[in-house]
$ cat model.pdb   # PDB, C-alpha atoms
ATOM      1  CA  MET A   1      19.105  -3.446  30.816  1.00  0.00           C
ATOM      2  CA  ILE A   2      16.306  -3.283  28.255  1.00  0.00           C
ATOM      3  CA  GLU A   3      13.877  -4.723  30.811  1.00  0.00           C
ATOM      4  CA  SER A   4      14.739  -1.929  33.240  1.00  0.00           C
ATOM      5  CA  LEU A   5      14.079   0.728  30.598  1.00  0.00           C
ATOM      6  CA  PHE A   6      10.767  -0.870  29.587  1.00  0.00           C
ATOM      7  CA  PRO A   7       9.457  -2.498  32.784  1.00  0.00           C
ATOM      8  CA  ASN A   8       5.832  -2.776  31.645  1.00  0.00           C
ATOM      9  CA  VAL A   9       6.529  -4.325  28.263  1.00  0.00           C
ATOM     10  CA  ASP A  10       5.342  -7.901  27.763  1.00  0.00           C
ATOM     11  CA  TRP A  11       7.887  -9.016  25.176  1.00  0.00           C
ATOM     12  CA  GLY A  12       5.778 -11.989  24.097  1.00  0.00           C
ATOM     13  CA  LYS A  13       2.854  -9.675  23.293  1.00  0.00           C
ATOM     14  CA  MET A  14       5.208  -7.197  21.644  1.00  0.00           C
ATOM     15  CA  TRP A  15       6.615  -9.901  19.370  1.00  0.00           C
ATOM     16  CA  ASP A  16       3.133 -11.153  18.440  1.00  0.00           C
ATOM     17  CA  ALA A  17       2.005  -7.584  17.703  1.00  0.00           C
ATOM     18  CA  THR A  18       5.071  -7.027  15.519  1.00  0.00           C
ATOM     19  CA  VAL A  19       4.338 -10.182  13.533  1.00  0.00           C
ATOM     20  CA  GLU A  20       0.719  -9.057  13.063  1.00  0.00           C
ATOM     21  CA  THR A  21       1.872  -5.646  11.817  1.00  0.00           C
ATOM     22  CA  LEU A  22       4.313  -7.263   9.383  1.00  0.00           C
ATOM     23  CA  TYR A  23       1.567  -9.629   8.188  1.00  0.00           C
ATOM     24  CA  MET A  24      -0.946  -6.819   7.596  1.00  0.00           C
ATOM     25  CA  THR A  25       1.679  -4.688   5.853  1.00  0.00           C
ATOM     26  CA  ALA A  26       2.950  -7.494   3.611  1.00  0.00           C
ATOM     27  CA  MET A  27      -0.489  -8.771   2.571  1.00  0.00           C
ATOM     28  CA  SER A  28      -1.971  -5.339   1.967  1.00  0.00           C
ATOM     29  CA  THR A  29       1.138  -4.181   0.062  1.00  0.00           C
ATOM     30  CA  PHE A  30       0.959  -7.202  -2.242  1.00  0.00           C
ATOM     31  CA  PHE A  31      -2.718  -6.745  -3.120  1.00  0.00           C
ATOM     32  CA  THR A  32      -2.306  -2.974  -3.309  1.00  0.00           C
ATOM     33  CA  PHE A  33       0.499  -3.459  -5.831  1.00  0.00           C
ATOM     34  CA  VAL A  34      -1.576  -5.792  -8.016  1.00  0.00           C
ATOM     35  CA  ILE A  35      -4.825  -3.791  -7.887  1.00  0.00           C
ATOM     36  CA  GLY A  36      -3.104  -0.408  -8.083  1.00  0.00           C
ATOM     37  CA  LEU A  37      -1.022  -1.543 -11.053  1.00  0.00           C
ATOM     38  CA  VAL A  38      -4.126  -2.712 -12.928  1.00  0.00           C
ATOM     39  CA  LEU A  39      -6.029   0.503 -12.157  1.00  0.00           C
ATOM     40  CA  GLY A  40      -3.059   2.649 -13.148  1.00  0.00           C
ATOM     41  CA  ILE A  41      -2.599   0.833 -16.459  1.00  0.00           C
ATOM     42  CA  ILE A  42      -6.323   1.151 -17.213  1.00  0.00           C
ATOM     43  CA  LEU A  43      -6.183   4.888 -16.455  1.00  0.00           C
ATOM     44  CA  PHE A  44      -3.194   5.276 -18.762  1.00  0.00           C
ATOM     45  CA  LEU A  45      -4.417   3.150 -21.675  1.00  0.00           C
ATOM     46  CA  THR A  46      -7.976   4.533 -21.699  1.00  0.00           C
ATOM     47  CA  ALA A  47      -6.824   8.159 -21.743  1.00  0.00           C
ATOM     48  CA  PRO A  48      -7.288  10.162 -24.984  1.00  0.00           C
ATOM     49  CA  ARG A  49      -4.955   9.140 -27.839  1.00  0.00           C
ATOM     50  CA  GLN A  50      -3.901   5.954 -26.070  1.00  0.00           C
ATOM     51  CA  LEU A  51      -4.304   2.304 -27.102  1.00  0.00           C
ATOM     52  CA  TRP A  52      -7.631   1.736 -25.332  1.00  0.00           C
ATOM     53  CA  ALA A  53      -8.931   5.311 -25.485  1.00  0.00           C
ATOM     54  CA  ASN A  54     -12.359   5.268 -23.823  1.00  0.00           C
ATOM     55  CA  LYS A  55     -13.784   8.315 -22.071  1.00  0.00           C
ATOM     56  CA  ILE A  56     -16.402   6.423 -20.061  1.00  0.00           C
ATOM     57  CA  VAL A  57     -14.037   3.761 -18.702  1.00  0.00           C
ATOM     58  CA  ASN A  58     -11.385   6.374 -17.980  1.00  0.00           C
ATOM     59  CA  TRP A  59     -13.864   8.609 -16.161  1.00  0.00           C
ATOM     60  CA  LEU A  60     -15.337   5.757 -14.094  1.00  0.00           C
ATOM     61  CA  THR A  61     -11.901   4.424 -13.132  1.00  0.00           C
ATOM     62  CA  GLY A  62     -10.665   7.916 -12.317  1.00  0.00           C
ATOM     63  CA  ALA A  63     -13.756   8.627 -10.214  1.00  0.00           C
ATOM     64  CA  PHE A  64     -13.287   5.385  -8.255  1.00  0.00           C
ATOM     65  CA  VAL A  65      -9.627   6.190  -7.626  1.00  0.00           C
ATOM     66  CA  ASN A  66     -10.302   9.790  -6.630  1.00  0.00           C
ATOM     67  CA  ILE A  67     -13.171   8.938  -4.270  1.00  0.00           C
ATOM     68  CA  PHE A  68     -11.372   6.273  -2.268  1.00  0.00           C
ATOM     69  CA  ARG A  69      -8.086   8.173  -2.352  1.00  0.00           C
ATOM     70  CA  SER A  70      -9.789  11.183  -0.780  1.00  0.00           C
ATOM     71  CA  ILE A  71     -11.537   9.469   2.145  1.00  0.00           C
ATOM     72  CA  PRO A  72      -9.530   9.682   5.406  1.00  0.00           C
ATOM     73  CA  PHE A  73      -8.451   6.178   6.372  1.00  0.00           C
ATOM     74  CA  ILE A  74     -10.026   6.128   9.819  1.00  0.00           C
ATOM     75  CA  ILE A  75     -13.395   7.071   8.252  1.00  0.00           C
ATOM     76  CA  LEU A  76     -12.917   4.485   5.496  1.00  0.00           C
ATOM     77  CA  ILE A  77     -12.476   1.763   8.117  1.00  0.00           C
ATOM     78  CA  ILE A  78     -15.812   2.688   9.689  1.00  0.00           C
ATOM     79  CA  LEU A  79     -17.584   2.891   6.320  1.00  0.00           C
ATOM     80  CA  LEU A  80     -16.288  -0.553   5.345  1.00  0.00           C
ATOM     81  CA  ILE A  81     -17.323  -2.305   8.589  1.00  0.00           C
ATOM     82  CA  PRO A  82     -20.431  -3.947   7.007  1.00  0.00           C
ATOM     83  CA  PHE A  83     -18.421  -5.029   3.938  1.00  0.00           C
ATOM     84  CA  THR A  84     -15.581  -6.325   6.117  1.00  0.00           C
ATOM     85  CA  LYS A  85     -17.977  -8.291   8.333  1.00  0.00           C
ATOM     86  CA  PHE A  86     -19.613  -9.806   5.251  1.00  0.00           C
ATOM     87  CA  LEU A  87     -16.282 -10.683   3.623  1.00  0.00           C
ATOM     88  CA  ILE A  88     -14.201 -11.780   6.637  1.00  0.00           C
ATOM     89  CA  GLY A  89     -16.903 -12.640   9.156  1.00  0.00           C
ATOM     90  CA  THR A  90     -15.517 -10.346  11.836  1.00  0.00           C
ATOM     91  CA  ILE A  91     -14.336  -6.761  12.261  1.00  0.00           C
ATOM     92  CA  ARG A  92     -11.506  -7.625  14.651  1.00  0.00           C
ATOM     93  CA  GLY A  93      -8.056  -9.046  13.997  1.00  0.00           C
ATOM     94  CA  PRO A  94      -5.398  -8.604  11.295  1.00  0.00           C
ATOM     95  CA  ASN A  95      -7.451 -10.159   8.485  1.00  0.00           C
ATOM     96  CA  ALA A  96     -10.357  -7.803   9.189  1.00  0.00           C
ATOM     97  CA  ALA A  97      -8.054  -4.834   8.581  1.00  0.00           C
ATOM     98  CA  LEU A  98      -7.025  -5.995   5.107  1.00  0.00           C
ATOM     99  CA  PRO A  99     -10.064  -4.822   3.081  1.00  0.00           C
ATOM    100  CA  ALA A 100      -9.788  -1.252   4.380  1.00  0.00           C
ATOM    101  CA  LEU A 101      -5.998  -1.241   4.006  1.00  0.00           C
ATOM    102  CA  ILE A 102      -6.162  -2.436   0.391  1.00  0.00           C
ATOM    103  CA  ILE A 103      -9.111  -0.265  -0.671  1.00  0.00           C
ATOM    104  CA  GLY A 104      -7.495   2.742   0.995  1.00  0.00           C
ATOM    105  CA  ALA A 105      -4.045   2.278  -0.527  1.00  0.00           C
ATOM    106  CA  ALA A 106      -4.682   0.818  -4.003  1.00  0.00           C
ATOM    107  CA  PRO A 107      -6.145   4.061  -5.461  1.00  0.00           C
ATOM    108  CA  PHE A 108      -3.198   6.011  -4.036  1.00  0.00           C
ATOM    109  CA  TYR A 109      -0.755   3.653  -5.723  1.00  0.00           C
ATOM    110  CA  ALA A 110      -2.810   3.700  -8.951  1.00  0.00           C
ATOM    111  CA  ARG A 111      -2.102   7.418  -9.280  1.00  0.00           C
ATOM    112  CA  MET A 112       1.605   6.762  -8.774  1.00  0.00           C
ATOM    113  CA  VAL A 113       1.476   4.118 -11.506  1.00  0.00           C
ATOM    114  CA  LEU A 114      -0.246   6.574 -13.849  1.00  0.00           C
ATOM    115  CA  ILE A 115       2.419   9.217 -13.189  1.00  0.00           C
ATOM    116  CA  ALA A 116       5.175   6.667 -13.811  1.00  0.00           C
ATOM    117  CA  LEU A 117       3.637   5.552 -17.118  1.00  0.00           C
ATOM    118  CA  LYS A 118       3.160   9.130 -18.315  1.00  0.00           C
ATOM    119  CA  GLU A 119       6.905   9.711 -17.924  1.00  0.00           C
ATOM    120  CA  ILE A 120       7.705   7.051 -20.534  1.00  0.00           C
ATOM    121  CA  ASP A 121       8.948   8.463 -23.834  1.00  0.00           C
ATOM    122  CA  LYS A 122       6.021   8.347 -26.269  1.00  0.00           C
ATOM    123  CA  GLY A 123       8.440   7.527 -29.049  1.00  0.00           C
ATOM    124  CA  VAL A 124       9.208   4.164 -27.457  1.00  0.00           C
ATOM    125  CA  ILE A 125       5.520   3.246 -27.360  1.00  0.00           C
ATOM    126  CA  GLU A 126       4.949   4.443 -30.925  1.00  0.00           C
ATOM    127  CA  ALA A 127       7.943   2.419 -32.137  1.00  0.00           C
ATOM    128  CA  ALA A 128       6.501  -0.713 -30.567  1.00  0.00           C
ATOM    129  CA  ARG A 129       3.096  -0.032 -32.150  1.00  0.00           C
ATOM    130  CA  SER A 130       4.640   0.542 -35.587  1.00  0.00           C
ATOM    131  CA  MET A 131       6.341  -2.861 -35.323  1.00  0.00           C
ATOM    132  CA  GLY A 132       2.957  -4.523 -34.842  1.00  0.00           C
ATOM    133  CA  ALA A 133       3.243  -5.216 -31.115  1.00  0.00           C
ATOM    134  CA  THR A 134      -0.001  -6.144 -29.392  1.00  0.00           C
ATOM    135  CA  THR A 135      -1.285  -4.164 -26.429  1.00  0.00           C
ATOM    136  CA  TRP A 136      -0.310  -6.967 -24.050  1.00  0.00           C
ATOM    137  CA  THR A 137       3.206  -7.028 -25.529  1.00  0.00           C
ATOM    138  CA  ILE A 138       3.508  -3.258 -25.141  1.00  0.00           C
ATOM    139  CA  ILE A 139       2.424  -3.508 -21.499  1.00  0.00           C
ATOM    140  CA  ARG A 140       4.815  -6.373 -20.765  1.00  0.00           C
ATOM    141  CA  LYS A 141       7.796  -5.331 -22.859  1.00  0.00           C
ATOM    142  CA  VAL A 142       7.589  -1.520 -22.842  1.00  0.00           C
ATOM    143  CA  LEU A 143       5.405   0.023 -20.146  1.00  0.00           C
ATOM    144  CA  LEU A 144       6.403  -2.112 -17.174  1.00  0.00           C
ATOM    145  CA  PRO A 145      10.175  -2.324 -17.886  1.00  0.00           C
ATOM    146  CA  GLU A 146      10.470   1.396 -18.702  1.00  0.00           C
ATOM    147  CA  SER A 147       8.614   2.452 -15.547  1.00  0.00           C
ATOM    148  CA  LYS A 148      10.037  -0.183 -13.193  1.00  0.00           C
ATOM    149  CA  PRO A 149      12.147   2.156 -10.964  1.00  0.00           C
ATOM    150  CA  ALA A 150       9.221   4.553 -10.486  1.00  0.00           C
ATOM    151  CA  LEU A 151       6.824   1.661  -9.799  1.00  0.00           C
ATOM    152  CA  ILE A 152       9.130   0.222  -7.141  1.00  0.00           C
ATOM    153  CA  SER A 153       9.694   3.631  -5.581  1.00  0.00           C
ATOM    154  CA  GLY A 154       5.942   4.178  -5.535  1.00  0.00           C
ATOM    155  CA  ILE A 155       5.116   0.876  -3.858  1.00  0.00           C
ATOM    156  CA  THR A 156       7.831   1.611  -1.279  1.00  0.00           C
ATOM    157  CA  VAL A 157       6.136   4.883  -0.353  1.00  0.00           C
ATOM    158  CA  THR A 158       2.759   3.115  -0.303  1.00  0.00           C
ATOM    159  CA  ALA A 159       4.051   0.303   1.923  1.00  0.00           C
ATOM    160  CA  ILE A 160       5.346   2.854   4.422  1.00  0.00           C
ATOM    161  CA  ALA A 161       1.948   4.568   4.399  1.00  0.00           C
ATOM    162  CA  LEU A 162       0.347   1.164   5.021  1.00  0.00           C
ATOM    163  CA  VAL A 163       2.461   0.694   8.155  1.00  0.00           C
ATOM    164  CA  GLY A 164       0.870   3.882   9.465  1.00  0.00           C
ATOM    165  CA  TYR A 165      -2.559   2.676   8.382  1.00  0.00           C
ATOM    166  CA  THR A 166      -2.118  -0.575  10.355  1.00  0.00           C
ATOM    167  CA  ALA A 167      -1.430   1.486  13.466  1.00  0.00           C
ATOM    168  CA  MET A 168      -4.661   3.440  12.922  1.00  0.00           C
ATOM    169  CA  ALA A 169      -6.567   0.228  12.267  1.00  0.00           C
ATOM    170  CA  GLY A 170      -5.213  -1.065  15.571  1.00  0.00           C
ATOM    171  CA  ILE A 171      -7.283   1.499  17.449  1.00  0.00           C
ATOM    172  CA  ILE A 172     -10.475  -0.337  16.460  1.00  0.00           C
ATOM    173  CA  GLY A 173      -9.051  -3.759  17.307  1.00  0.00           C
ATOM    174  CA  ALA A 174      -7.254  -4.856  14.147  1.00  0.00           C
ATOM    175  CA  GLY A 175      -4.290  -6.086  16.165  1.00  0.00           C
ATOM    176  CA  GLY A 176      -0.633  -5.309  15.657  1.00  0.00           C
ATOM    177  CA  LEU A 177       1.520  -2.664  17.271  1.00  0.00           C
ATOM    178  CA  GLY A 178      -1.226  -0.050  16.977  1.00  0.00           C
ATOM    179  CA  THR A 179      -3.611  -2.045  19.148  1.00  0.00           C
ATOM    180  CA  LEU A 180      -0.881  -2.824  21.670  1.00  0.00           C
ATOM    181  CA  ALA A 181       0.235   0.811  21.882  1.00  0.00           C
ATOM    182  CA  PHE A 182      -3.350   1.999  22.348  1.00  0.00           C
ATOM    183  CA  LEU A 183      -4.751  -0.644  24.723  1.00  0.00           C
ATOM    184  CA  ASP A 184      -1.686  -1.654  26.760  1.00  0.00           C
ATOM    185  CA  GLY A 185       0.146   1.638  26.421  1.00  0.00           C
ATOM    186  CA  PHE A 186      -2.105   4.676  26.186  1.00  0.00           C
ATOM    187  CA  GLN A 187      -5.194   3.413  28.038  1.00  0.00           C
ATOM    188  CA  ARG A 188      -3.147   2.002  30.919  1.00  0.00           C
ATOM    189  CA  SER A 189      -0.746   4.959  31.047  1.00  0.00           C
ATOM    190  CA  ARG A 190       2.232   2.751  30.244  1.00  0.00           C
ATOM    191  CA  GLU A 191       4.384   5.129  28.259  1.00  0.00           C
ATOM    192  CA  ASP A 192       7.182   2.583  27.849  1.00  0.00           C
ATOM    193  CA  VAL A 193       4.837   0.202  25.991  1.00  0.00           C
ATOM    194  CA  THR A 194       3.779   2.974  23.611  1.00  0.00           C
ATOM    195  CA  LEU A 195       7.409   4.037  23.131  1.00  0.00           C
ATOM    196  CA  MET A 196       8.591   0.503  22.322  1.00  0.00           C
ATOM    197  CA  ALA A 197       5.732  -0.015  19.854  1.00  0.00           C
ATOM    198  CA  THR A 198       6.686   3.280  18.196  1.00  0.00           C
ATOM    199  CA  ILE A 199      10.353   2.263  17.991  1.00  0.00           C
ATOM    200  CA  LEU A 200       9.427  -1.043  16.327  1.00  0.00           C
ATOM    201  CA  ILE A 201       7.176   0.731  13.822  1.00  0.00           C
ATOM    202  CA  LEU A 202      10.058   3.088  12.977  1.00  0.00           C
ATOM    203  CA  ILE A 203      12.387   0.125  12.478  1.00  0.00           C
ATOM    204  CA  ILE A 204       9.882  -1.472  10.089  1.00  0.00           C
ATOM    205  CA  VAL A 205       9.537   1.802   8.160  1.00  0.00           C
ATOM    206  CA  PHE A 206      13.308   2.278   7.899  1.00  0.00           C
ATOM    207  CA  ALA A 207      13.728  -1.335   6.731  1.00  0.00           C
ATOM    208  CA  ILE A 208      11.069  -0.951   4.032  1.00  0.00           C
ATOM    209  CA  GLN A 209      12.639   2.315   2.834  1.00  0.00           C
ATOM    210  CA  PHE A 210      16.129   0.797   2.723  1.00  0.00           C
ATOM    211  CA  ILE A 211      15.010  -2.308   0.815  1.00  0.00           C
ATOM    212  CA  GLY A 212      12.864  -0.245  -1.560  1.00  0.00           C
ATOM    213  CA  ASP A 213      15.686   2.198  -2.321  1.00  0.00           C
ATOM    214  CA  LEU A 214      18.098  -0.666  -2.903  1.00  0.00           C
ATOM    215  CA  ILE A 215      15.769  -2.425  -5.350  1.00  0.00           C
ATOM    216  CA  THR A 216      14.975   0.864  -7.115  1.00  0.00           C
ATOM    217  CA  ILE A 217      18.666   1.649  -7.660  1.00  0.00           C
ATOM    218  CA  ARG A 218      19.399  -1.836  -8.950  1.00  0.00           C
ATOM    219  CA  SER A 219      16.400  -1.813 -11.306  1.00  0.00           C
ATOM    220  CA  ASP A 220      17.292   1.570 -12.830  1.00  0.00           C
ATOM    221  CA  LYS A 221      19.319   0.803 -15.958  1.00  0.00           C
ATOM    222  CA  ARG A 222      19.633   4.442 -17.056  1.00  0.00           C
TER     223      ARG A 222
END
$ encode --input "model.pdb" --output "C-alpha cells"
Amino acid sequence: MIESLFPNVDWGKMWDATVETLYMTAMSTFFTFVIGLVLGIILFLTAPRQLWANKIVNWLTGAFVNIFRSIPFIILIILLIPFTKFLIGTIRGPNAALPALIIGAAPFYARMVLIALKEIDKGVIEAARSMGATTWTIIRKVLLPESKPALISGITVTAIALVGYTAMAGIIGAGGLGTLAFLDGFQRSREDVTLMATILILIIVFAIQFIGDLITIRSDKR
C-alpha cells in the first residue's frame, strides 16, 4: 500500500538519505554541545563581577557569538566553502556539511548556555567560593548541575534546528533527506519523494523533542 502512495520513491535511497541526515545531526549536535558549552561558560565567567571577569575576553567571545549567530545559515555555508574544502577536502557529502552546521549552531547554543547559567542563584555560587572551591570545582559541582535541565532543553532545541540546517545544506549537495527532496523530488517534479522526505524529517524532529523532554524532566530535581 505504501508503494502505491509513493510510487516514485526509491526506498534504498530514502534509507541512505535518512542515515546521512541522522549522522549529520548527531555529529553536529555533539560538537555544538561541547563548543557551545565552552563558549557559554566563558561568556558567563568573564562577565563583570564573575570569577574570570575580563572585559576584553568577554567582548571578543560575545562578538564571535553574535556575528556567527546572526549570519543566515545558507549564506554561512557559502562563506565557509573555502574553509570546508581546506578542512575536509571537498564541499560535497555529509562530512562537508559539518563545519557550517557546527559553526552556525554553536554560537546559538552558547547564548542558551549563558541564559541558563545566569538563572542560577548567586548565593549558591558565593557559598561555594566562600568554602574555598576552585573555579573548576564550581563549574563541575555548581554551574553544570544547577543548570542541567536548561542545558538539556537548549541542546534539544538546537538539535531540532540542526535537522532543518541539514535540509538546507542538502540543497548544495551535502547529502541527506534535503538533497534527496531537492534533486529527486523537486527538480524531477516527484511530489511523493519530497513528501516522504518531509515526513521522515518530521519523525526525526518529533523523536528528538520527545527524548529531550524526557531527559529534561528526569534531570530536573526541583
$ closest_residue --input "model.pdb" --among "A:Lys13, A:Lys122, A:Arg111, A:Arg190" --to "Arg69 in chain A" --atoms "only C-alpha atoms"
A:Arg111
$ resolve_selection --input "model.pdb" --expression "the PyMOL selection byres ((chain A and resi 191-199) around 6)" --output "number ranges by chain"
A: 6, 9, 177, 181, 185, 189-190, 200-202
$ write_last_selection --input "model.pdb" --atoms "C-alpha atoms" --output "PDB file, in the frame of the given file"
ATOM      1  CA  PHE A   6      10.767  -0.870  29.587  1.00  0.00           C
ATOM      2  CA  VAL A   9       6.529  -4.325  28.263  1.00  0.00           C
ATOM      3  CA  LEU A 177       1.520  -2.664  17.271  1.00  0.00           C
ATOM      4  CA  ALA A 181       0.235   0.811  21.882  1.00  0.00           C
ATOM      5  CA  GLY A 185       0.146   1.638  26.421  1.00  0.00           C
ATOM      6  CA  SER A 189      -0.746   4.959  31.047  1.00  0.00           C
ATOM      7  CA  ARG A 190       2.232   2.751  30.244  1.00  0.00           C
ATOM      8  CA  LEU A 200       9.427  -1.043  16.327  1.00  0.00           C
ATOM      9  CA  ILE A 201       7.176   0.731  13.822  1.00  0.00           C
ATOM     10  CA  LEU A 202      10.058   3.088  12.977  1.00  0.00           C
TER      11      LEU A 202
END
$ closest_residue --input "model.pdb" --among "A:Ile42, A:Ile215, A:Leu87, A:Tyr109" --to "Lys55 in chain A" --atoms "all atoms listed in the file"
A:Ile42
$ closest_residue --input "model.pdb" --among "A:Gln187, A:Thr32, A:Asn58, A:Thr156" --to "Phe44 in chain A" --atoms "only C-alpha atoms"
A:Asn58
$ resolve_selection --input "model.pdb" --expression "the PyMOL selection byres ((chain A and resi 77) around 9)" --output "list of chain:residue names"
A:Pro72, A:Phe73, A:Ile74, A:Ile75, A:Leu76, A:Ile78, A:Leu79, A:Leu80, A:Ile81, A:Thr84, A:Ala97, A:Pro99, A:Ala100, A:Leu101, A:Gly104, A:Ala169, A:Ile172
$ residues_around --input "model.pdb" --residues "Leu43 in chain A" --least-positions-apart "4" --cutoff "8 Å" --atoms "all atoms listed in the file" --output "PyMOL selection string"
chain A and resi 39+47+58+61-62+114
$ atom_distance --input "model.pdb" --atom1 "CA of Ser153 in chain A" --atom2 "CA of Gln50 in chain A"
24.7 Å
$ closest_residue --input "model.pdb" --among "A:Ser28, A:Thr21, A:Ser130, A:Thr158" --to "Ile102 in chain A" --atoms "all atoms listed in the file"
A:Ser28
$ resolve_selection --input "model.pdb" --expression "the PyMOL selection byres ((chain A and resi 142) around 12)" --output "PyMOL selection string"
chain A and resi 117+120-129+133-141+143-148
$ atom_distance --input "model.pdb" --atom1 "CA of Leu22 in chain A" --atom2 "CA of Ala110 in chain A"
22.5 Å
$ closest_residue --input "model.pdb" --among "A:Ile71, A:Leu5, A:Met14, A:Val163" --to "Leu180 in chain A" --atoms "all atoms listed in the file"
A:Met14
$ atom_distance --input "model.pdb" --atom1 "CA of Val205 in chain A" --atom2 "CA of Ala159 in chain A"
8.4 Å
$ closest_residue --input "model.pdb" --among "A:Met168, A:Val19, A:Val34, A:Ala174" --to "Asn95 in chain A" --atoms "all atoms listed in the file"
A:Ala174
$ axis_aligned_box --input "model.pdb" --around "range 157-171 of chain A" --padding-each-side "4 Å" --output "JSON"
{"center_x": -0.6, "center_y": 1.9, "center_z": 8.5, "size_x": 21.4, "size_y": 13.9, "size_z": 25.8}
$ build_atoms --input "model.pdb" --residues "range 153-169 of chain A" --atoms "N, CA and C atoms" --output "short mmCIF file (atom, residue, chain, number, x, y, z; two decimals), in the coordinates of the input"
data_model
loop_
_atom_site.label_atom_id
_atom_site.label_comp_id
_atom_site.auth_asym_id
_atom_site.auth_seq_id
_atom_site.Cartn_x
_atom_site.Cartn_y
_atom_site.Cartn_z
N SER A 153 9.65 2.50 -6.51
CA SER A 153 9.69 3.63 -5.58
C SER A 153 8.30 3.96 -5.06
N GLY A 154 7.31 3.89 -5.93
CA GLY A 154 5.94 4.18 -5.54
C GLY A 154 5.38 3.17 -4.55
N ILE A 155 5.64 1.89 -4.77
CA ILE A 155 5.12 0.88 -3.86
C ILE A 155 5.86 0.93 -2.53
N THR A 156 7.10 1.42 -2.54
CA THR A 156 7.83 1.61 -1.28
C THR A 156 7.16 2.68 -0.43
N VAL A 157 6.84 3.81 -1.06
CA VAL A 157 6.14 4.88 -0.35
C VAL A 157 4.78 4.40 0.15
N THR A 158 4.08 3.63 -0.67
CA THR A 158 2.76 3.12 -0.30
C THR A 158 2.86 2.13 0.86
N ALA A 159 3.87 1.27 0.84
CA ALA A 159 4.05 0.30 1.92
C ALA A 159 4.31 1.01 3.25
N ILE A 160 5.08 2.08 3.21
CA ILE A 160 5.35 2.85 4.42
C ILE A 160 4.06 3.50 4.93
N ALA A 161 3.24 4.00 4.00
CA ALA A 161 1.95 4.57 4.40
C ALA A 161 1.07 3.49 5.02
N LEU A 162 1.15 2.27 4.50
CA LEU A 162 0.35 1.16 5.02
C LEU A 162 0.75 0.78 6.44
N VAL A 163 2.03 0.94 6.77
CA VAL A 163 2.46 0.69 8.15
C VAL A 163 1.72 1.64 9.09
N GLY A 164 1.63 2.90 8.69
CA GLY A 164 0.87 3.88 9.46
C GLY A 164 -0.61 3.55 9.52
N TYR A 165 -1.15 3.06 8.41
CA TYR A 165 -2.56 2.68 8.38
C TYR A 165 -2.84 1.52 9.35
N THR A 166 -1.91 0.56 9.44
CA THR A 166 -2.12 -0.57 10.36
C THR A 166 -2.18 -0.09 11.80
N ALA A 167 -1.39 0.93 12.11
CA ALA A 167 -1.43 1.49 13.47
C ALA A 167 -2.79 2.12 13.75
N MET A 168 -3.34 2.84 12.75
CA MET A 168 -4.66 3.44 12.92
C MET A 168 -5.74 2.37 13.02
N ALA A 169 -5.60 1.32 12.22
CA ALA A 169 -6.57 0.23 12.27
C ALA A 169 -6.52 -0.47 13.62
#
